[in-house]
Structures are given as structure tokens and as C-alpha cells.
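K.L.:
Contents of my_file_2.cif (mmCIF, N, CA and C atoms) are below:
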```
data_start
loop_
_atom_site.label_atom_id
_atom_site.label_comp_id
_atom_site.auth_asym_id
_atom_site.auth_seq_id
_atom_site.Cartn_x
_atom_site.Cartn_y
_atom_site.Cartn_z
N MET A 1 33.93 151.24 174.81
CA MET A 1 33.43 149.95 175.24
C MET A 1 33.95 149.69 176.65
N PRO A 2 33.07 149.25 177.54
CA PRO A 2 33.51 148.97 178.91
C PRO A 2 34.51 147.82 178.96
N ALA A 3 35.39 147.87 179.93
CA ALA A 3 36.39 146.81 180.12
C ALA A 3 36.28 146.29 181.55
N TYR A 4 36.47 144.98 181.70
CA TYR A 4 36.34 144.33 183.00
C TYR A 4 37.51 143.39 183.22
N THR A 5 37.78 143.12 184.49
CA THR A 5 38.80 142.15 184.85
C THR A 5 38.30 141.34 186.05
N LEU A 6 38.79 140.11 186.16
CA LEU A 6 38.42 139.25 187.27
C LEU A 6 39.66 139.00 188.11
N ARG A 7 39.59 139.37 189.38
CA ARG A 7 40.69 139.17 190.33
C ARG A 7 40.32 138.02 191.23
N LEU A 8 41.25 137.09 191.45
CA LEU A 8 40.97 135.92 192.26
C LEU A 8 41.55 136.01 193.67
N ASP A 9 42.26 137.07 193.97
CA ASP A 9 42.82 137.22 195.30
C ASP A 9 41.94 138.13 196.14
N ALA A 10 42.15 138.10 197.42
CA ALA A 10 41.33 138.90 198.33
C ALA A 10 41.86 140.32 198.47
N ASP A 11 43.05 140.59 197.95
CA ASP A 11 43.66 141.92 198.08
C ASP A 11 43.01 142.86 197.07
N ILE A 12 42.18 143.77 197.55
CA ILE A 12 41.50 144.70 196.64
C ILE A 12 42.20 146.05 196.60
N SER A 13 43.41 146.13 197.20
CA SER A 13 44.09 147.42 197.23
C SER A 13 44.69 147.83 195.89
N PRO A 14 45.20 146.90 195.04
CA PRO A 14 45.74 147.39 193.77
C PRO A 14 44.64 148.02 192.93
N SER A 15 44.92 149.21 192.45
CA SER A 15 43.90 149.87 191.63
C SER A 15 44.06 149.45 190.17
N GLU A 16 42.94 149.41 189.50
CA GLU A 16 42.92 149.07 188.08
C GLU A 16 43.12 150.34 187.27
N PRO A 17 43.63 150.20 186.05
CA PRO A 17 43.73 151.39 185.18
C PRO A 17 42.35 152.01 184.96
N ASP A 18 42.33 153.28 184.64
CA ASP A 18 41.06 153.97 184.39
C ASP A 18 40.26 153.24 183.33
N GLY A 19 38.97 153.14 183.58
CA GLY A 19 38.08 152.54 182.60
C GLY A 19 37.91 151.04 182.73
N ILE A 20 38.61 150.40 183.67
CA ILE A 20 38.49 148.96 183.87
C ILE A 20 37.76 148.70 185.18
N THR A 21 36.68 147.95 185.10
CA THR A 21 35.91 147.59 186.28
C THR A 21 36.37 146.23 186.79
N PRO A 22 36.86 146.16 188.02
CA PRO A 22 37.29 144.86 188.54
C PRO A 22 36.15 144.12 189.24
N PHE A 23 36.15 142.80 189.12
CA PHE A 23 35.31 141.93 189.91
C PHE A 23 36.25 141.04 190.71
N TRP A 24 35.90 140.77 191.97
CA TRP A 24 36.73 139.93 192.83
C TRP A 24 36.02 138.63 193.13
N TRP A 25 36.80 137.54 193.10
CA TRP A 25 36.27 136.23 193.49
C TRP A 25 37.31 135.54 194.36
N PRO A 26 37.46 135.98 195.62
CA PRO A 26 38.44 135.36 196.50
C PRO A 26 37.93 134.00 197.00
N ALA A 27 38.84 133.21 197.54
CA ALA A 27 38.48 131.88 198.05
C ALA A 27 37.58 131.96 199.27
N GLY A 28 37.70 133.00 200.05
CA GLY A 28 36.88 133.14 201.26
C GLY A 28 35.67 134.00 201.02
N PRO A 29 35.10 134.50 202.11
CA PRO A 29 33.92 135.36 201.98
C PRO A 29 34.29 136.71 201.37
N GLY A 30 33.28 137.39 200.91
CA GLY A 30 33.49 138.70 200.29
C GLY A 30 33.64 138.56 198.79
N GLY A 31 33.94 139.63 198.17
CA GLY A 31 34.11 139.62 196.72
C GLY A 31 32.84 140.02 195.99
N SER A 32 32.88 139.88 194.69
CA SER A 32 31.77 140.31 193.84
C SER A 32 30.72 139.23 193.63
N PHE A 33 31.03 137.99 193.99
CA PHE A 33 30.12 136.88 193.74
C PHE A 33 29.75 136.19 195.05
N VAL A 34 28.52 135.73 195.12
CA VAL A 34 28.06 134.95 196.26
C VAL A 34 27.99 133.50 195.78
N SER A 35 28.91 132.67 196.28
CA SER A 35 28.98 131.29 195.81
C SER A 35 29.63 130.43 196.88
N THR A 36 29.21 129.20 196.97
CA THR A 36 29.86 128.26 197.88
C THR A 36 30.99 127.51 197.19
N LEU A 37 31.18 127.74 195.91
CA LEU A 37 32.19 127.00 195.14
C LEU A 37 33.59 127.56 195.30
N GLY A 38 33.74 128.84 195.30
CA GLY A 38 35.06 129.45 195.30
C GLY A 38 35.63 129.46 193.89
N PRO A 39 36.69 130.23 193.65
CA PRO A 39 37.21 130.41 192.30
C PRO A 39 37.87 129.16 191.71
N ARG A 40 38.19 128.14 192.52
CA ARG A 40 38.78 126.91 192.00
C ARG A 40 37.75 125.77 191.96
N LEU A 41 36.50 126.09 192.29
CA LEU A 41 35.38 125.12 192.27
C LEU A 41 35.65 123.95 193.20
N GLY A 42 36.32 124.20 194.31
CA GLY A 42 36.72 123.16 195.24
C GLY A 42 35.58 122.34 195.81
N ALA A 43 34.40 122.91 195.94
CA ALA A 43 33.27 122.17 196.49
C ALA A 43 32.81 121.05 195.57
N LEU A 44 33.26 121.08 194.33
CA LEU A 44 32.88 120.03 193.37
C LEU A 44 33.88 118.89 193.32
N GLY A 45 34.96 119.00 194.08
CA GLY A 45 36.01 117.98 194.01
C GLY A 45 37.04 118.39 192.97
N PRO A 46 37.84 117.42 192.50
CA PRO A 46 38.84 117.76 191.49
C PRO A 46 38.18 118.19 190.17
N VAL A 47 38.54 119.37 189.69
CA VAL A 47 37.99 119.89 188.44
C VAL A 47 39.15 120.24 187.53
N PRO A 48 39.14 119.79 186.27
CA PRO A 48 40.22 120.13 185.33
C PRO A 48 40.34 121.64 185.14
N GLU A 49 41.55 122.11 184.99
CA GLU A 49 41.82 123.55 184.85
C GLU A 49 41.03 124.20 183.71
N PRO A 50 40.91 123.58 182.53
CA PRO A 50 40.11 124.24 181.48
C PRO A 50 38.65 124.46 181.90
N ASN A 51 38.09 123.55 182.67
CA ASN A 51 36.71 123.72 183.14
C ASN A 51 36.62 124.87 184.14
N ILE A 52 37.62 124.99 185.00
CA ILE A 52 37.65 126.09 185.96
C ILE A 52 37.71 127.42 185.23
N GLU A 53 38.56 127.50 184.21
CA GLU A 53 38.68 128.74 183.43
C GLU A 53 37.37 129.08 182.72
N LEU A 54 36.67 128.07 182.23
CA LEU A 54 35.39 128.31 181.56
C LEU A 54 34.37 128.88 182.54
N VAL A 55 34.30 128.35 183.75
CA VAL A 55 33.37 128.86 184.75
C VAL A 55 33.74 130.29 185.14
N ARG A 56 35.02 130.56 185.28
CA ARG A 56 35.46 131.93 185.60
C ARG A 56 35.06 132.90 184.49
N LEU A 57 35.28 132.48 183.25
CA LEU A 57 34.92 133.34 182.12
C LEU A 57 33.41 133.58 182.10
N ALA A 58 32.64 132.53 182.31
CA ALA A 58 31.18 132.67 182.32
C ALA A 58 30.73 133.62 183.43
N ALA A 59 31.33 133.51 184.60
CA ALA A 59 30.98 134.39 185.72
C ALA A 59 31.31 135.84 185.39
N LEU A 60 32.46 136.06 184.77
CA LEU A 60 32.87 137.42 184.40
C LEU A 60 31.93 137.99 183.34
N VAL A 61 31.59 137.20 182.35
CA VAL A 61 30.68 137.67 181.30
C VAL A 61 29.31 138.01 181.88
N TYR A 62 28.81 137.15 182.76
CA TYR A 62 27.52 137.40 183.39
C TYR A 62 27.57 138.70 184.22
N ALA A 63 28.61 138.85 185.01
CA ALA A 63 28.73 140.05 185.85
C ALA A 63 28.85 141.31 184.99
N ALA A 64 29.63 141.23 183.91
CA ALA A 64 29.78 142.38 183.02
C ALA A 64 28.45 142.73 182.36
N ASP A 65 27.72 141.72 181.93
CA ASP A 65 26.43 141.95 181.29
C ASP A 65 25.44 142.61 182.25
N ARG A 66 25.45 142.19 183.50
CA ARG A 66 24.51 142.70 184.48
C ARG A 66 24.87 144.10 184.96
N THR A 67 26.11 144.54 184.79
CA THR A 67 26.52 145.85 185.31
C THR A 67 26.72 146.89 184.22
N THR A 68 26.67 146.50 182.95
CA THR A 68 26.85 147.46 181.86
C THR A 68 25.54 148.19 181.60
N PRO A 69 25.55 149.53 181.68
CA PRO A 69 24.33 150.27 181.41
C PRO A 69 23.91 150.10 179.95
N VAL A 70 22.63 149.94 179.72
CA VAL A 70 22.10 149.79 178.38
C VAL A 70 21.09 150.91 178.15
N PRO A 71 21.22 151.62 177.03
CA PRO A 71 20.25 152.69 176.78
C PRO A 71 18.85 152.10 176.57
N PRO A 72 17.82 152.88 176.88
CA PRO A 72 16.46 152.37 176.69
C PRO A 72 16.22 152.02 175.23
N ALA A 73 15.46 150.97 175.02
CA ALA A 73 15.15 150.53 173.67
C ALA A 73 14.21 151.51 172.99
N GLN A 74 14.45 151.71 171.73
CA GLN A 74 13.52 152.51 170.94
C GLN A 74 12.46 151.58 170.39
N THR A 75 11.24 152.04 170.40
CA THR A 75 10.16 151.21 169.90
C THR A 75 9.42 151.94 168.80
N GLY A 76 8.64 151.20 168.10
CA GLY A 76 7.86 151.79 167.02
C GLY A 76 8.26 151.22 165.68
N PRO A 77 7.45 151.48 164.66
CA PRO A 77 7.72 150.88 163.35
C PRO A 77 8.99 151.41 162.68
N ASN A 78 9.44 152.60 163.04
CA ASN A 78 10.63 153.17 162.40
C ASN A 78 11.87 153.12 163.28
N ALA A 79 11.80 152.38 164.38
CA ALA A 79 12.95 152.28 165.29
C ALA A 79 14.06 151.47 164.63
N PRO A 80 15.31 151.89 164.82
CA PRO A 80 16.41 151.13 164.23
C PRO A 80 16.55 149.77 164.90
N SER A 81 17.04 148.82 164.14
CA SER A 81 17.21 147.46 164.66
C SER A 81 18.67 147.23 165.02
N ASN A 82 18.90 146.50 166.11
CA ASN A 82 20.26 146.10 166.48
C ASN A 82 20.66 144.82 165.77
N TRP A 83 19.72 144.20 165.09
CA TRP A 83 19.98 142.92 164.43
C TRP A 83 19.86 143.10 162.92
N THR A 84 20.74 142.46 162.20
CA THR A 84 20.65 142.48 160.76
C THR A 84 20.57 141.05 160.26
N CYS A 85 19.89 140.86 159.19
CA CYS A 85 19.76 139.54 158.60
C CYS A 85 19.85 139.71 157.09
N PRO A 86 21.06 139.64 156.52
CA PRO A 86 21.19 139.82 155.08
C PRO A 86 20.41 138.73 154.34
N SER A 87 19.80 139.11 153.25
CA SER A 87 19.03 138.15 152.47
C SER A 87 19.83 137.54 151.35
N THR A 88 21.10 137.92 151.21
CA THR A 88 21.92 137.33 150.16
C THR A 88 22.41 135.95 150.59
N PRO A 89 22.39 134.99 149.66
CA PRO A 89 22.83 133.64 150.02
C PRO A 89 24.29 133.61 150.44
N GLY A 90 24.56 132.78 151.44
CA GLY A 90 25.93 132.59 151.91
C GLY A 90 26.62 131.52 151.08
N PRO A 91 27.81 131.06 151.52
CA PRO A 91 28.58 130.10 150.74
C PRO A 91 27.90 128.75 150.61
N LEU A 92 26.95 128.43 151.47
CA LEU A 92 26.26 127.14 151.40
C LEU A 92 24.89 127.26 150.74
N GLY A 93 24.63 128.41 150.12
CA GLY A 93 23.36 128.59 149.45
C GLY A 93 22.24 129.06 150.35
N ARG A 94 22.53 129.28 151.63
CA ARG A 94 21.52 129.76 152.56
C ARG A 94 21.78 131.23 152.86
N ALA A 95 20.74 131.91 153.25
CA ALA A 95 20.94 133.29 153.69
C ALA A 95 21.79 133.29 154.93
N SER A 96 22.80 134.13 154.96
CA SER A 96 23.71 134.13 156.11
C SER A 96 23.36 135.21 157.08
#
```
Output the structure of this file as C-alpha cells.

P.N.:
Amino acid sequence: MPAYTLRLDADISPSEPDGITPFWWPAGPGGSFVSTLGPRLGALGPVPEPNIELVRLAALVYAADRTTPVPPAQTGPNAPSNWTCPSTPGPLGRAS
């Protein structure tokens, strides 16, 4: 499974361990993201720390999703499904 990390400093010299893809979001220009907000969301004014962390997490998840190679989908009536939907009732009497 691919692994990713988000670096908030502009120093890109430290290398990551093998298998970890770094994304950079420094306060100034450059980095992996194009944004006028910066990693502390300063353009929005005072932002609570939990909200800042949520935006950072969302940015990292989006970047990871966009850079992870996905094998071509198999099509046809006998293609395996990535989704399962058990028909047995769950604890509330509904199919879970």
C-alpha cells in the first residue's frame, strides 16, 4: 500500500524513507499545492487549529488519491466487483 506524508516546511532536502511519497506545502511559493491560503490558512483570518488540521488532511488525501496509480477497470458481466453488499440483516434489521 502506498504511503504519503505532508511536509509544511520549505526544506525539501531531508529524504523520506523508501516507499513514502512526500508532499510539500510551504508558506511561500513552491511546494506540491497551488493555493493562496498557505498551510495555516492565513488568508482566511484566524482559524482554529482543528480546522487547519482537517484542511491539511483533506489536501493530503486528495493529493494521494490523484497520484496513486489505479489498474484499469475490468468490465463485462463476469468482472469482479470491488464493492460488496451482504444481504444478511445487520443489528438493526437492515441489510448491512

K.L.:
Pick from A:Val70, A:Gly38, A:Pro26, A:Thr21: nearest to A:Asp9, with only N, CA and C atoms counted?

P.N.:
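Closest residue, counting only N, CA and C atoms: A:Pro26.
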
K.L.:
In Å, with one decimal, what is the gap from atom CA of A:Gly31 to atom CA of A:Asn51?

P.N.:
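Pair atom CA of A:Gly31 / atom CA of A:Asn51 returns 21.1 Å.
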
K.L.:
Distance atom CA of A:Tyr4-atom CA of A:Arg66, one decimal place?

P.N.:
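Here the two named atoms are 12.0 Å from each other.
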
K.L.:
Could you tell me how far atom C of A:Pro72 sits from atom CA of A:Phe23, in Å to one decimal place?

P.N.:
26.1 Å

K.L.:
Could you check which of A:Leu54, A:Leu60, A:Gly19, A:Gly45 is closest to A:Leu6, using only C-alpha atoms?

P.N.:
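Closest residue, counting only C-alpha atoms: A:Leu60.
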
K.L.:
Run DSSP on the backbone of this structure and report the residues of stretch 7-82 of chain A it assigns to strand (DSSP E or B), as a ChimeraX atom specification.

P.N.:
/A:7,20-24

K.L.:
Using all atoms listed in the file, list the residues that have an atom at most 6.5 Å from (33.7, 129.0, 189.4), coordinates as in the file, as a list of chain:residue names.

P.N.:
A:Leu37, A:Gly38, A:Pro39, A:Arg40, A:Leu41, A:Ile52, A:Val55, A:Arg56

K.L.:
Using the file's own x, y and z axes, so that the box edges lie along x, y and z, what centre and edge lengths in Å (one decimal) does a box around every listed atom of stretch 18-35 of chain A get when 4 Å is added on each side? Give it as AutoDock Vina command-line options.

P.N.:
```
--center_x 35.2 --center_y 142.2 --center_z 192.4 --size_x 22.3 --size_y 31.5 --size_z 27.5
```

K.L.:
As a list in words, please: every residue in stretch 2-56 of chain A that a backbone DSSP assignment puts in alpha helix (DSSP H).

P.N.:
Glu49, Pro50, Asn51, Ile52, Glu53, Leu54, Val55 and Arg56 of chain A
